[in-house]
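Worksheet for the structure shown next.
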Amino acid sequence: MTTITTRTVSYPADGLTMVGHLALPAGVGRRPAVLVGPEGPGLNDFQRQRADALAELGYVALAFDINGGRWFSDPQEMLAYITPLLADTDRMRDIGHAALEVLRAEPRTDPEQIAAIGYGTGGAIALELGRAGVGLRVIGTINALTTGRPGEASRITCPVWAGVGSEDPIMPAAQRDAFAAEMQAAGVDWRLVVYGGALHAFHHPSVEHEVLPGVGHHPRHAARAWRDVVNLLAECLPVGEIVR
């Protein structure tokens, strides 16, 4: 296993002190970098471990925060906080931009080689960075088929990959169709993968059906979705692109 280093990074965003997790690959040269966005409850060990796994592959990775260091264990409290955030495009972009600046400021980061991946709310923030015209190399999302302000998807300059469970009631067929129509109309290089039989948050190993209706882990598809994300990065942001 490749030796990596990690550290906690604190930074301001959305009127809060965010607490992110930065993972650095072995070596000293600049490397391609990846933002990793968490789902609504907040940043936890699952996303931190995703950042660590990306660092082991050779990427600089920042698992960013959206809730000021909080993890919402109460679903209703989480929804009360996240629902207004998802309705406020500018707030989402501000949170994304703040994390992006932390990642760009890291000396190991090649600032011209950055991707954004995200789960749920974190994926919506990644998409909003694209709609804001940020020059990312690729955007990958799971359970985040949000649509944006009319016409702004045309600002997305990189490929977009999206994964979703077929039985996700939060991202139903109508939402999938709306997302696809927005990407297609904007001329985006987009892909949508539907994982058969999977619910919302199917990627997260600690999620249980009792958390919220329509939410549940699907181990096989969780593993497949992660492989799909890794392959996406290998295609669009190969670690061979190193600036020394």
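Starting from 1 in every chain, residues are counted up; chains themselves are A, B, ... following the order of the structure tokens, and ligands are numbered from 1 as listed.
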
Leaving out Gly123 in chain A and any residue of its chain fewer than 6 positions from it, which residues lie within 7 Å of it when counting only C-alpha atoms, given as a PDB file with C-alpha atoms, in the first residue's frame?
```
ATOM      1  CA  GLY A  37     -18.250  16.076  -1.347  1.00  0.00           C
ATOM      2  CA  ILE A 117     -16.913  14.053  -7.089  1.00  0.00           C
ATOM      3  CA  THR A 141     -21.861  12.367  -8.686  1.00  0.00           C
ATOM      4  CA  ILE A 142     -23.857   9.674  -6.934  1.00  0.00           C
ATOM      5  CA  ALA A 144     -27.239  13.965  -6.962  1.00  0.00           C
TER       6      ALA A 144
END
```

Residues near Ala132 in chain A, cut-off 8 Å, only C-alpha atoms, skip fewer than 2 positions along chain, as a PyMOL selection string:
chain A and resi 93+128-130+134+152+155-156

If you count only C-alpha atoms, which residues fall within 7 Å of Val164 in chain A, apart from same-chain ones fewer than 3 positions away, as a compact mmCIF listing (two decimals) with N, CA, C and O atoms, in the first residue's frame?
```
# COMPACT_ATOMS: atom_id res chain seq x y z
N ILE A 142 -22.99 10.81 -7.26
CA ILE A 142 -23.86 9.67 -6.93
C ILE A 142 -25.02 10.21 -6.11
O ILE A 142 -24.82 10.94 -5.15
N ASN A 143 -26.23 9.88 -6.53
CA ASN A 143 -27.46 10.32 -5.85
C ASN A 143 -27.58 11.85 -5.83
O ASN A 143 -27.98 12.43 -4.83
N VAL A 193 -25.65 6.47 -15.11
CA VAL A 193 -25.69 5.03 -14.82
C VAL A 193 -26.78 4.79 -13.78
O VAL A 193 -26.77 5.41 -12.70
N VAL A 194 -27.73 3.91 -14.09
CA VAL A 194 -28.80 3.56 -13.17
C VAL A 194 -28.51 2.17 -12.62
O VAL A 194 -28.43 1.21 -13.37
N TYR A 195 -28.37 2.08 -11.30
CA TYR A 195 -28.05 0.82 -10.65
C TYR A 195 -29.34 0.14 -10.22
O TYR A 195 -30.06 0.62 -9.33
```

Could you give me, as a ChimeraX atom specification, the residues within 12 Å of Gly163 in chain A, counting only C-alpha atoms and dropping anything in the same chain fewer than 4 positions from it?
/A:117-120,123,139-146,168,171,176,179-180,190-196,198-203,221-222,224-229,232

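One distance worth recording is that between CA of Gly148 in chain A and CA of Pro38 in chain A, which is 19.1 Å.
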
Near Ala105 in chain A, counting only C-alpha atoms, which residues have an atom at most 12 Å away, once you skip same-chain residues fewer than 5 positions from it, shown as a PyMOL selection string?
chain A and resi 9+11+22+30+33+60+62+98-100+110-112

Nearest-residue call for Glu56 in chain A, choices A:Leu24, A:Asp74, A:Leu237, A:Asp14, using only C-alpha atoms
A:Leu24

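Straight-line separation from CA of Ala186 in chain A to CA of Ala153 in chain A: 5.6 Å.
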
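Nearest to Ile4 in chain A of all the residues A:Pro213, A:Gly69, A:Gly58, A:Gly40 is A:Gly58, counting only C-alpha atoms.
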
Select from range 11-78 of chain A everything DSSP, run on the backbone, classes as strand (DSSP E or B), then give the selection as a VMD selection string.
chain A and resid 11 to 13 16 to 24 30 to 37 60 to 63

File of the preceding selection, N, CA, C and O atoms, as a tab-separated table (two decimals), in the first residue's frame:
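The resulting file, result_25.tsv, is shown below:
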```tsv
chain	number	residue	atom	x	y	z
A	11	TYR	N	-11.44	25.89	7.53
A	11	TYR	CA	-11.54	27.04	6.65
A	11	TYR	C	-12.96	27.61	6.74
A	11	TYR	O	-13.91	26.89	7.07
A	12	PRO	N	-13.14	28.90	6.44
A	12	PRO	CA	-14.47	29.50	6.54
A	12	PRO	C	-15.29	29.30	5.28
A	12	PRO	O	-14.78	29.35	4.16
A	13	ALA	N	-16.58	29.08	5.48
A	13	ALA	CA	-17.53	29.00	4.36
A	13	ALA	C	-18.95	29.01	4.91
A	13	ALA	O	-19.21	28.43	5.97
A	16	LEU	N	-19.67	29.49	8.55
A	16	LEU	CA	-19.27	28.44	9.47
A	16	LEU	C	-17.76	28.19	9.36
A	16	LEU	O	-17.12	28.63	8.41
A	17	THR	N	-17.24	27.48	10.32
A	17	THR	CA	-15.88	26.96	10.21
A	17	THR	C	-15.98	25.52	9.73
A	17	THR	O	-16.44	24.64	10.47
A	18	MET	N	-15.59	25.30	8.50
A	18	MET	CA	-15.65	23.96	7.93
A	18	MET	C	-14.42	23.17	8.35
A	18	MET	O	-13.33	23.73	8.54
A	19	VAL	N	-14.59	21.86	8.49
A	19	VAL	CA	-13.51	20.98	8.92
A	19	VAL	C	-13.36	19.86	7.90
A	19	VAL	O	-14.13	18.90	7.89
A	20	GLY	N	-12.41	20.03	7.00
A	20	GLY	CA	-12.21	19.07	5.93
A	20	GLY	C	-11.09	18.09	6.25
A	20	GLY	O	-10.39	18.19	7.25
A	21	HIS	N	-10.94	17.12	5.35
A	21	HIS	CA	-9.93	16.06	5.50
A	21	HIS	C	-9.10	16.03	4.23
A	21	HIS	O	-9.62	15.73	3.15
A	22	LEU	N	-7.81	16.36	4.36
A	22	LEU	CA	-6.90	16.40	3.21
A	22	LEU	C	-6.01	15.17	3.22
A	22	LEU	O	-5.40	14.86	4.26
A	23	ALA	N	-5.94	14.49	2.08
A	23	ALA	CA	-5.09	13.31	1.95
A	23	ALA	C	-4.10	13.54	0.82
A	23	ALA	O	-4.48	13.94	-0.28
A	24	LEU	N	-2.83	13.29	1.12
A	24	LEU	CA	-1.76	13.54	0.16
A	24	LEU	C	-1.07	12.24	-0.22
A	24	LEU	O	-0.77	11.41	0.65
A	30	ARG	N	3.83	17.86	-7.67
A	30	ARG	CA	2.42	18.19	-7.81
A	30	ARG	C	1.68	17.04	-8.49
A	30	ARG	O	2.21	16.37	-9.37
A	31	ARG	N	0.42	16.87	-8.05
A	31	ARG	CA	-0.39	15.78	-8.59
A	31	ARG	C	-1.78	16.29	-8.92
A	31	ARG	O	-2.25	17.30	-8.37
A	32	PRO	N	-2.50	15.58	-9.79
A	32	PRO	CA	-3.92	15.90	-9.99
A	32	PRO	C	-4.66	15.78	-8.67
A	32	PRO	O	-4.26	15.03	-7.77
A	33	ALA	N	-5.76	16.51	-8.55
A	33	ALA	CA	-6.45	16.61	-7.26
A	33	ALA	C	-7.94	16.41	-7.44
A	33	ALA	O	-8.50	16.67	-8.51
A	34	VAL	N	-8.57	15.96	-6.36
A	34	VAL	CA	-10.00	15.65	-6.38
A	34	VAL	C	-10.69	16.22	-5.15
A	34	VAL	O	-10.24	15.97	-4.02
A	35	LEU	N	-11.77	16.99	-5.38
A	35	LEU	CA	-12.69	17.35	-4.30
A	35	LEU	C	-13.65	16.20	-4.07
A	35	LEU	O	-14.17	15.62	-5.04
A	36	VAL	N	-13.91	15.87	-2.82
A	36	VAL	CA	-14.85	14.80	-2.47
A	36	VAL	C	-15.93	15.40	-1.58
A	36	VAL	O	-15.65	15.81	-0.45
A	37	GLY	N	-17.16	15.45	-2.08
A	37	GLY	CA	-18.25	16.08	-1.35
A	37	GLY	C	-19.12	15.06	-0.63
A	37	GLY	O	-19.47	14.02	-1.20
A	60	VAL	N	-4.06	14.08	-4.94
A	60	VAL	CA	-4.34	14.90	-3.77
A	60	VAL	C	-5.86	14.93	-3.62
A	60	VAL	O	-6.57	15.16	-4.60
A	61	ALA	N	-6.38	14.69	-2.43
A	61	ALA	CA	-7.83	14.61	-2.27
A	61	ALA	C	-8.27	15.37	-1.02
A	61	ALA	O	-7.67	15.23	0.05
A	62	LEU	N	-9.30	16.18	-1.19
A	62	LEU	CA	-9.90	16.91	-0.07
A	62	LEU	C	-11.35	16.51	0.08
A	62	LEU	O	-12.18	16.79	-0.80
A	63	ALA	N	-11.66	15.81	1.17
A	63	ALA	CA	-13.05	15.55	1.53
A	63	ALA	C	-13.54	16.79	2.26
A	63	ALA	O	-13.09	17.09	3.37
```

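Going from CA of His217 in chain A to CA of Ser166 in chain A covers 13.1 Å.
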
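Proximity to Pro169 in chain A was assessed for A:Asp65, A:Gly216, A:Arg131, A:Asp45 counting only C-alpha atoms; the smallest distance is recorded for A:Gly216.
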
Tell me which of A:Asn67, A:Arg7, A:Pro150, A:His204 sits closest to Ile95 in chain A, counting only C-alpha atoms.
A:Asn67

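Of the listed residues A:Arg220, A:Gly15, A:Ala181, A:Gly165, the one whose atoms come nearest to Gly197 in chain A is A:Gly165, with distances taken using only C-alpha atoms.
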